[in-house]
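Take a look at the structure below.
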Amino acid sequence: MSLRIARSLKKPGVVVLTLAGSLDAKTATDLEDEVGKLLQDSDIIGLVLDLELLEFISSAGLRVVVMAQKGMKAAGGTLMMINLQPQIRKVFDIVKALPSMEVFSSVTELDNYLAQMQRCYCREQ
Amino acid sequence: MTVYCATFPVSIAAVSAVHDFLDVLSQERCSAVAVHDLKVAVEEMFVNIVAHSDAGGQSDVITVTLDVADDAVRATLEDSAMAFDPLTATPPDLDSPLHERQTGGMGIYLARQLVDDMSYRREGGRNVLTLSIKV
């Protein structure tokens with residue numbers, strides 16, 4: 001199974017990558033390349049990974065998610081994840097990855113967080 | 001009991017083919033959760049063998065055998081690289097913050113947590129690793 005990555009702009013500075021298929025040792029580099037490109041954009045303050053259609057993740061996939069989180073943090077932004085399916089959440093849970101991450105179970109929850117983030121960001125400018 | 005067997009090149013590029021091979025379990029009345037978890041575990045151990053082959057001790061192929069019984073599936077990975085027992089690998093430090101962790105060891109740990117049993121033996125110059133999961 002391959003990995004399909006769709007990119008969209010949720011609001012200025014906030015990019016959504018919708019992942020579908022398999023984030024494994026073979027496909028993880030595709031996401032790594034995509035995130036690398038996004039991080040070169042100095043205007044990015046939020047990166048949302050929408051995992052609703054992601055069917056599979058292994059430790060190679062986890063590594064890229066952690067790398068994306070580090071990269072976003074270094075750029076002064078935030079990595080967020082939404083719609084984790086049970087088998088994906090289980091993998092994150094086993095390695096105790098979720099407490100360090102911004103994970104939302106619904107779009108409403110994410111939107112509220114983004115509105116809050118935007119307010120903080122505007123005040124800092 | 002049904003047995004499936006396939007050989008794969010010692011390469012990360014073969015991971016997709018390994019996944020496709022394991023998809024045969026979906027037709028064997030295995031639960032979707034068991035198939036997913038076994039796929040993760042087999043990938044982790046496959047990638048580990050590839051990494052160790054790079055480090056020395058060449059193996060031409062990795063053989064994966066699936067034994068499907070009524071209540072469990074056993075996946076056996078065999079290679080002829082130098083002896084390596086993944087069960088002796090140091091577990092990752094899961095209490096430190098995610099971004100500070102060393103990434104090594106995470107895959108083996110994940111695999112061990114996802115299967116019900118993992119065993120290793122060295123037999124006739126081959127590494128034989130068996131993962132079992134209840135279905």
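For the structure tokens, the naming scheme is as follows: chains receive sequential letters (A, B, ...) according to their order of presentation, residues are indexed from 1 within each chain, and ligands are indexed from 1 in presentation order.
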request  = From a DSSP calculation on the backbone, collect every residue of chain B in alpha helix (DSSP H) and output the set as a PyMOL selection string.
outcome  = chain B and resi 15-22+32-54+106-114
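Residues within 8 Å of stretch 5-20 of chain A, counting only C-alpha atoms and excluding same-chain residues fewer than 2 positions away, are A:Leu3, A:Ser22, A:Leu31, A:Asp43, A:Ile44, A:Ile45, A:Gly46, A:Leu47, A:Val48, A:Leu49, A:Asp50, A:Leu51, A:Glu52, A:Leu53, A:Leu54, A:Glu55.
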task = Just need the residues of chain A within 10 Å of chain B, counting only C-alpha atoms, so spit them out as a ChimeraX atom specification.
result = /A:1-2,22,24-27,55-60,62-63,66-67,69-70,86-88,90-92,94-101
For the residues selected in the previous step, produce a file with N, CA and C atoms as an mmCIF file, in the first residue's frame.
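Now in again-v4.cif:
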```
data_model
loop_
_atom_site.group_PDB
_atom_site.id
_atom_site.type_symbol
_atom_site.label_atom_id
_atom_site.label_comp_id
_atom_site.auth_asym_id
_atom_site.auth_seq_id
_atom_site.Cartn_x
_atom_site.Cartn_y
_atom_site.Cartn_z
ATOM 1 N N MET A 1 0.852 -1.200 0.000
ATOM 2 C CA MET A 1 0.000 0.000 0.000
ATOM 3 C C MET A 1 0.884 1.245 0.000
ATOM 4 N N SER A 2 0.449 2.231 -0.751
ATOM 5 C CA SER A 2 1.269 3.436 -0.841
ATOM 6 C C SER A 2 0.778 4.498 0.154
ATOM 7 N N SER A 22 -0.470 4.030 3.901
ATOM 8 C CA SER A 22 0.487 3.409 4.813
ATOM 9 C C SER A 22 1.713 4.293 5.037
ATOM 10 N N ASP A 24 4.978 3.834 6.367
ATOM 11 C CA ASP A 24 5.864 2.747 6.791
ATOM 12 C C ASP A 24 7.315 3.064 6.434
ATOM 13 N N ALA A 25 8.199 2.073 6.581
ATOM 14 C CA ALA A 25 9.634 2.294 6.365
ATOM 15 C C ALA A 25 9.925 2.715 4.919
ATOM 16 N N LYS A 26 9.082 2.278 3.991
ATOM 17 C CA LYS A 26 9.304 2.624 2.586
ATOM 18 C C LYS A 26 8.747 4.011 2.259
ATOM 19 N N THR A 27 7.574 4.355 2.817
ATOM 20 C CA THR A 27 6.889 5.592 2.420
ATOM 21 C C THR A 27 7.212 6.790 3.325
ATOM 22 N N GLU A 55 -4.130 4.180 7.349
ATOM 23 C CA GLU A 55 -4.488 2.830 7.798
ATOM 24 C C GLU A 55 -3.379 2.147 8.573
ATOM 25 N N PHE A 56 -2.144 2.608 8.364
ATOM 26 C CA PHE A 56 -1.002 1.881 8.935
ATOM 27 C C PHE A 56 0.097 2.853 9.327
ATOM 28 N N ILE A 57 0.712 2.600 10.497
ATOM 29 C CA ILE A 57 1.919 3.358 10.866
ATOM 30 C C ILE A 57 2.879 2.431 11.606
ATOM 31 N N SER A 58 4.174 2.573 11.293
ATOM 32 C CA SER A 58 5.196 1.815 12.027
ATOM 33 C C SER A 58 6.162 2.824 12.644
ATOM 34 N N SER A 59 7.241 2.327 13.269
ATOM 35 C CA SER A 59 8.146 3.247 13.967
ATOM 36 C C SER A 59 8.835 4.216 12.987
ATOM 37 N N ALA A 60 9.000 3.796 11.731
ATOM 38 C CA ALA A 60 9.586 4.705 10.735
ATOM 39 C C ALA A 60 8.660 5.907 10.530
ATOM 40 N N LEU A 62 6.463 6.990 12.834
ATOM 41 C CA LEU A 62 6.524 7.756 14.088
ATOM 42 C C LEU A 62 7.717 8.709 14.083
ATOM 43 N N ARG A 63 8.833 8.195 13.588
ATOM 44 C CA ARG A 63 10.055 9.015 13.567
ATOM 45 C C ARG A 63 9.861 10.296 12.757
ATOM 46 N N VAL A 66 7.715 12.731 14.718
ATOM 47 C CA VAL A 66 8.524 13.376 15.766
ATOM 48 C C VAL A 66 9.454 14.423 15.145
ATOM 49 N N MET A 67 10.025 14.071 13.988
ATOM 50 C CA MET A 67 10.906 15.006 13.270
ATOM 51 C C MET A 67 10.124 16.269 12.870
ATOM 52 N N GLN A 69 7.497 17.414 14.370
ATOM 53 C CA GLN A 69 7.203 18.171 15.593
ATOM 54 C C GLN A 69 8.411 19.023 16.002
ATOM 55 N N LYS A 70 9.589 18.396 15.955
ATOM 56 C CA LYS A 70 10.826 19.135 16.295
ATOM 57 C C LYS A 70 11.026 20.305 15.349
ATOM 58 N N PRO A 86 -8.126 3.945 15.647
ATOM 59 C CA PRO A 86 -7.713 3.159 16.826
ATOM 60 C C PRO A 86 -6.356 2.453 16.674
ATOM 61 N N GLN A 87 -6.097 1.859 15.505
ATOM 62 C CA GLN A 87 -4.845 1.103 15.354
ATOM 63 C C GLN A 87 -3.640 2.034 15.303
ATOM 64 N N ILE A 88 -3.870 3.273 14.839
ATOM 65 C CA ILE A 88 -2.790 4.275 14.781
ATOM 66 C C ILE A 88 -2.518 4.811 16.189
ATOM 67 N N LYS A 90 -3.049 3.316 18.928
ATOM 68 C CA LYS A 90 -2.421 2.248 19.713
ATOM 69 C C LYS A 90 -0.891 2.300 19.585
ATOM 70 N N VAL A 91 -0.403 2.499 18.350
ATOM 71 C CA VAL A 91 1.046 2.560 18.109
ATOM 72 C C VAL A 91 1.656 3.769 18.834
ATOM 73 N N PHE A 92 0.986 4.922 18.747
ATOM 74 C CA PHE A 92 1.466 6.122 19.458
ATOM 75 C C PHE A 92 1.445 5.885 20.975
ATOM 76 N N ILE A 94 1.711 3.015 22.655
ATOM 77 C CA ILE A 94 2.715 2.051 23.124
ATOM 78 C C ILE A 94 4.049 2.735 23.408
ATOM 79 N N VAL A 95 4.422 3.687 22.552
ATOM 80 C CA VAL A 95 5.713 4.356 22.771
ATOM 81 C C VAL A 95 5.539 5.663 23.564
ATOM 82 N N LYS A 96 4.363 5.801 24.181
ATOM 83 C CA LYS A 96 4.060 6.977 25.021
ATOM 84 C C LYS A 96 4.357 8.285 24.288
ATOM 85 N N ALA A 97 3.903 8.368 23.044
ATOM 86 C CA ALA A 97 4.192 9.551 22.233
ATOM 87 C C ALA A 97 3.139 10.641 22.417
ATOM 88 N N LEU A 98 1.913 10.248 22.768
ATOM 89 C CA LEU A 98 0.824 11.230 22.736
ATOM 90 C C LEU A 98 0.914 12.351 23.772
ATOM 91 N N PRO A 99 1.426 12.079 24.985
ATOM 92 C CA PRO A 99 1.459 13.193 25.961
ATOM 93 C C PRO A 99 2.268 14.391 25.478
ATOM 94 N N SER A 100 3.259 14.158 24.602
ATOM 95 C CA SER A 100 4.094 15.273 24.127
ATOM 96 C C SER A 100 3.503 15.952 22.895
ATOM 97 N N MET A 101 2.331 15.486 22.431
ATOM 98 C CA MET A 101 1.837 16.010 21.154
ATOM 99 C C MET A 101 0.472 16.681 21.304
#
```
task = Assign secondary structure with DSSP using the backbone only, and return the residues of chain B in strand (DSSP E or B) as number ranges by chain.
result = B: 2-9, 61-68, 72-79, 117-123, 126-134
query = How far is it from atom CA of B:Val68 to atom CA of B:Pro91, in Å with one decimal?
reply = 29.4 Å
message = Between atom CA of B:Pro9 and atom CA of B:Phe84, what is the distance in Å, rounded to a tenth?
response = 18.4 Å
d(atom CA of B:Ser80, atom CA of B:Leu131) in Å =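 A separation of 18.0 Å between them.
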